[in-house]
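What follows is one structure encoded as structure tokens, with my remarks underneath.
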Protein chains: 2
Amino acid sequence: MKKLDFKKGNGLIPVIVQDVNSKEILMLAYANEEALEKTLSTGYAYYWSRSRKKLWMKGKTSGHTQKINLVATDCDYDTLLYVVQQKGPACHTGEYTCFHNKLTIR
Amino acid sequence: MKKLDFKKGNGLIPVIVQDVNSKEILMLAYANEEALEKTLSTGYAYYWSRSRKKLWMKGKTSGHTQKINLVATDCDYDTLLYVVQQKGPACHTGEYTCFHNKLTIR
């Protein structure tokens with residue numbers, strides 16, 4: 001954890017969020033050190049909200065929490081992966097995943 | 001595609017890369033508009049290298065290319081998802097995925 005590179009993103013690391021069962025990508029969010037520490041100590045996903053500029057427990061108001069199954073980081077320690085048990089939809093639009101907009105290929 | 005928000009990240013959008021078969025997360029990279037256009041027009045994954053500051057076709061030198069199966073974007077148009085057929089390992093370390101470092105939970 002000390003190896004994590006929070007400097008590259010001005011204190012924030014992007015977090016890929018994946019469903020442990022379906023393996024679908026649910027969302028991309030950002031964590032500062034405090035958000036990661038809270039995630040690791042509570043077992044539930046915490047993030048830093050860039051728009052609201054505050055620590056945020058996913059699902060605290062909506063109930064759509066993310067129970068952590070695994071936290072991993074990549075080869076250069078500048079990205080995180082949370083593998084989670086998603087309760088209800090992950091997206092604020094009510095869709096299960098935030099990645100519901102397909103771009104046409106060719 | 002016109003909806004995509006390249007401004008938030010100073011011209012770059014993070015790209016989550018997922019294996020179409022195993023559903024594993026392979027890596028996180030960044031795309032500018034040109035990289036996305038090349039990806040859509042050629043059917044192979046292109047990125048913007050932040051360290052080398054240039055357009056980069058994944059696997060051009062290593063042969064470890066990523067054939068595009070699907071490109072999607074998220075609900076607020078500031079993240080991309082490439083679902084790919086990965087040839088060889090995705091990570092420069094020789095590991096199949098860049099996310100091979102697990103953090104302990106609790």
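Letters for chains follow the order of the structure tokens (A, B, ...), residue numbers begin at 1 for each chain, and ligand numbers begin at 1 in the order shown.
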TODO: Please identify all polymer residues within 9 Å of stretch 73-81 of chain A, counting only C-alpha atoms, omitting same-chain residues fewer than 3 positions from it, and present them as a ChimeraX atom specification.
DONE: /A:1,3-9,13-18,30-31,70 /B:25,27-28,91-93,97-103
Save the residues we just selected, C-alpha atoms, as a PDB file, in the first residue's frame?
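File written: out_11.pdb
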ATOM      1  CA  MET A   1       0.000   0.000   0.000  1.00  0.00           C
ATOM      2  CA  LYS A   3       3.942   1.778  -2.983  1.00  0.00           C
ATOM      3  CA  LEU A   4       0.708   3.342  -4.293  1.00  0.00           C
ATOM      4  CA  ASP A   5       1.290   6.420  -6.422  1.00  0.00           C
ATOM      5  CA  PHE A   6      -1.198   9.056  -5.273  1.00  0.00           C
ATOM      6  CA  LYS A   7       1.008  11.870  -6.563  1.00  0.00           C
ATOM      7  CA  LYS A   8       0.463  11.235 -10.277  1.00  0.00           C
ATOM      8  CA  GLY A   9      -3.230  12.125  -9.988  1.00  0.00           C
ATOM      9  CA  ILE A  13      -6.114   7.169  -7.872  1.00  0.00           C
ATOM     10  CA  PRO A  14      -8.723   5.871 -10.343  1.00  0.00           C
ATOM     11  CA  VAL A  15     -10.633   2.832  -9.081  1.00  0.00           C
ATOM     12  CA  ILE A  16     -12.133   0.292 -11.480  1.00  0.00           C
ATOM     13  CA  VAL A  17     -15.141  -1.388  -9.871  1.00  0.00           C
ATOM     14  CA  GLN A  18     -16.026  -4.919 -10.965  1.00  0.00           C
ATOM     15  CA  TYR A  30     -11.524   7.893  -7.546  1.00  0.00           C
ATOM     16  CA  ALA A  31      -9.928   7.237  -4.152  1.00  0.00           C
ATOM     17  CA  LEU A  70     -10.843  -7.971  -3.232  1.00  0.00           C
TER      18      LEU A  70
ATOM     19  CA  ILE B  25      -9.520  -6.465 -16.135  1.00  0.00           C
ATOM     20  CA  MET B  27      -5.114  -2.682 -17.621  1.00  0.00           C
ATOM     21  CA  LEU B  28      -6.079   0.965 -17.359  1.00  0.00           C
ATOM     22  CA  CYS B  91       1.221  -6.451 -18.959  1.00  0.00           C
ATOM     23  CA  HIS B  92       4.758  -5.404 -19.826  1.00  0.00           C
ATOM     24  CA  THR B  93       5.958  -7.552 -16.893  1.00  0.00           C
ATOM     25  CA  THR B  97      -3.112  -8.759 -16.482  1.00  0.00           C
ATOM     26  CA  CYS B  98      -1.550  -5.643 -14.951  1.00  0.00           C
ATOM     27  CA  PHE B  99      -3.702  -6.187 -11.844  1.00  0.00           C
ATOM     28  CA  HIS B 100      -1.654  -8.960 -10.262  1.00  0.00           C
ATOM     29  CA  ASN B 101      -0.927  -7.210  -6.951  1.00  0.00           C
ATOM     30  CA  LYS B 102      -3.533  -7.987  -4.305  1.00  0.00           C
ATOM     31  CA  LEU B 103      -3.993  -5.760  -1.241  1.00  0.00           C
TER      32      LEU B 103
END
TODO: Would you work out the distance separating atom CA of A:Glu95 from atom CA of A:Leu26, expressed in Å to one decimal?
DONE: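 Computing the Euclidean distance for atom CA of A:Glu95 and atom CA of A:Leu26 yields 9.6 Å.
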Open item on the list: Please determine, counting only C-alpha atoms, which residue among A:Thr65, A:Lys60, A:Leu36, A:Gln85 has the shortest atom-to-atom distance to A:Trp48.
Closed with: A:Leu36
- [ ] Quick one: everything within 9 Å of A:Val84, counting only C-alpha atoms, minus sequence neighbours fewer than 5 positions away in the same chain. Send it as a PyMOL selection string.
- [x] chain A and resi 17-21+44-45+66-71
Please produce a file of the residues just selected, as a PDB file, in the first residue's frame, where the atoms kept are N, CA, C and O atoms.
ATOM      1  N   VAL A  17     -14.271  -0.607 -10.750  1.00  0.00           N
ATOM      2  CA  VAL A  17     -15.141  -1.388  -9.871  1.00  0.00           C
ATOM      3  C   VAL A  17     -15.793  -2.506 -10.682  1.00  0.00           C
ATOM      4  O   VAL A  17     -16.469  -2.253 -11.681  1.00  0.00           O
ATOM      5  N   GLN A  18     -15.541  -3.742 -10.236  1.00  0.00           N
ATOM      6  CA  GLN A  18     -16.026  -4.919 -10.965  1.00  0.00           C
ATOM      7  C   GLN A  18     -16.910  -5.781 -10.077  1.00  0.00           C
ATOM      8  O   GLN A  18     -16.616  -5.989  -8.908  1.00  0.00           O
ATOM      9  N   ASP A  19     -17.985  -6.287 -10.655  1.00  0.00           N
ATOM     10  CA  ASP A  19     -18.911  -7.186  -9.956  1.00  0.00           C
ATOM     11  C   ASP A  19     -18.261  -8.564  -9.788  1.00  0.00           C
ATOM     12  O   ASP A  19     -17.804  -9.147 -10.773  1.00  0.00           O
ATOM     13  N   VAL A  20     -18.229  -9.067  -8.561  1.00  0.00           N
ATOM     14  CA  VAL A  20     -17.555 -10.339  -8.295  1.00  0.00           C
ATOM     15  C   VAL A  20     -18.268 -11.506  -8.964  1.00  0.00           C
ATOM     16  O   VAL A  20     -17.623 -12.490  -9.346  1.00  0.00           O
ATOM     17  N   ASN A  21     -19.572 -11.408  -9.157  1.00  0.00           N
ATOM     18  CA  ASN A  21     -20.318 -12.520  -9.743  1.00  0.00           C
ATOM     19  C   ASN A  21     -20.344 -12.470 -11.269  1.00  0.00           C
ATOM     20  O   ASN A  21     -19.898 -13.395 -11.941  1.00  0.00           O
ATOM     21  N   TYR A  44     -16.255  -2.004   2.974  1.00  0.00           N
ATOM     22  CA  TYR A  44     -17.219  -1.421   2.032  1.00  0.00           C
ATOM     23  C   TYR A  44     -16.528  -0.317   1.227  1.00  0.00           C
ATOM     24  O   TYR A  44     -15.624   0.348   1.742  1.00  0.00           O
ATOM     25  N   ALA A  45     -16.999  -0.128  -0.019  1.00  0.00           N
ATOM     26  CA  ALA A  45     -16.323   0.789  -0.939  1.00  0.00           C
ATOM     27  C   ALA A  45     -16.541   2.247  -0.576  1.00  0.00           C
ATOM     28  O   ALA A  45     -17.681   2.716  -0.456  1.00  0.00           O
ATOM     29  N   GLN A  66     -21.451  -1.425  -1.831  1.00  0.00           N
ATOM     30  CA  GLN A  66     -20.527  -2.353  -2.488  1.00  0.00           C
ATOM     31  C   GLN A  66     -19.663  -3.013  -1.426  1.00  0.00           C
ATOM     32  O   GLN A  66     -18.776  -2.382  -0.864  1.00  0.00           O
ATOM     33  N   LYS A  67     -19.927  -4.298  -1.164  1.00  0.00           N
ATOM     34  CA  LYS A  67     -19.146  -5.050  -0.194  1.00  0.00           C
ATOM     35  C   LYS A  67     -17.884  -5.537  -0.908  1.00  0.00           C
ATOM     36  O   LYS A  67     -17.968  -6.108  -1.987  1.00  0.00           O
ATOM     37  N   ILE A  68     -16.754  -5.278  -0.289  1.00  0.00           N
ATOM     38  CA  ILE A  68     -15.473  -5.575  -0.941  1.00  0.00           C
ATOM     39  C   ILE A  68     -15.114  -7.053  -0.867  1.00  0.00           C
ATOM     40  O   ILE A  68     -15.134  -7.654   0.204  1.00  0.00           O
ATOM     41  N   ASN A  69     -14.784  -7.595  -2.031  1.00  0.00           N
ATOM     42  CA  ASN A  69     -14.324  -8.969  -2.094  1.00  0.00           C
ATOM     43  C   ASN A  69     -12.795  -8.995  -2.219  1.00  0.00           C
ATOM     44  O   ASN A  69     -12.136  -9.849  -1.658  1.00  0.00           O
ATOM     45  N   LEU A  70     -12.279  -8.028  -2.963  1.00  0.00           N
ATOM     46  CA  LEU A  70     -10.843  -7.971  -3.232  1.00  0.00           C
ATOM     47  C   LEU A  70     -10.458  -6.563  -3.633  1.00  0.00           C
ATOM     48  O   LEU A  70     -11.215  -5.877  -4.330  1.00  0.00           O
ATOM     49  N   VAL A  71      -9.279  -6.137  -3.195  1.00  0.00           N
ATOM     50  CA  VAL A  71      -8.687  -4.889  -3.695  1.00  0.00           C
ATOM     51  C   VAL A  71      -7.333  -5.239  -4.304  1.00  0.00           C
ATOM     52  O   VAL A  71      -6.540  -5.953  -3.692  1.00  0.00           O
TER      53      VAL A  71
END
Taking the chain letters and numbering used in this document, name the residues of chain A that DSSP puts in helix (DSSP H, G or I), as a compact mmCIF listing (two decimals) with C-alpha atoms, in the first residue's frame.
# COMPACT_ATOMS: atom_id res chain seq x y z
CA GLU A 33 -5.62 7.68 0.77
CA GLU A 34 -8.41 8.17 3.30
CA ALA A 35 -11.00 6.54 1.01
CA LEU A 36 -8.76 3.51 0.49
CA GLU A 37 -8.08 3.21 4.21
CA LYS A 38 -11.81 3.35 5.01
CA THR A 39 -12.47 0.74 2.30
CA LEU A 40 -9.86 -1.61 3.71
CA SER A 41 -10.90 -1.12 7.34
CA THR A 42 -14.69 -1.36 6.84
- [ ] Pick out the closest residue to chain A from this set: B:Asn32, B:Val83, B:Arg52, B:Lys58. Count only C-alpha atoms.
- [x]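 Checking each candidate against chain A, we get B:Val83 as the closest.
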Open item on the list: Just checking: using only C-alpha atoms, which residue out of A:Ala72, A:Ala29, A:Leu55, A:Leu12 ends up closest to chain B?
Closed with: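 Result for the nearest residue to chain B: A:Ala72.
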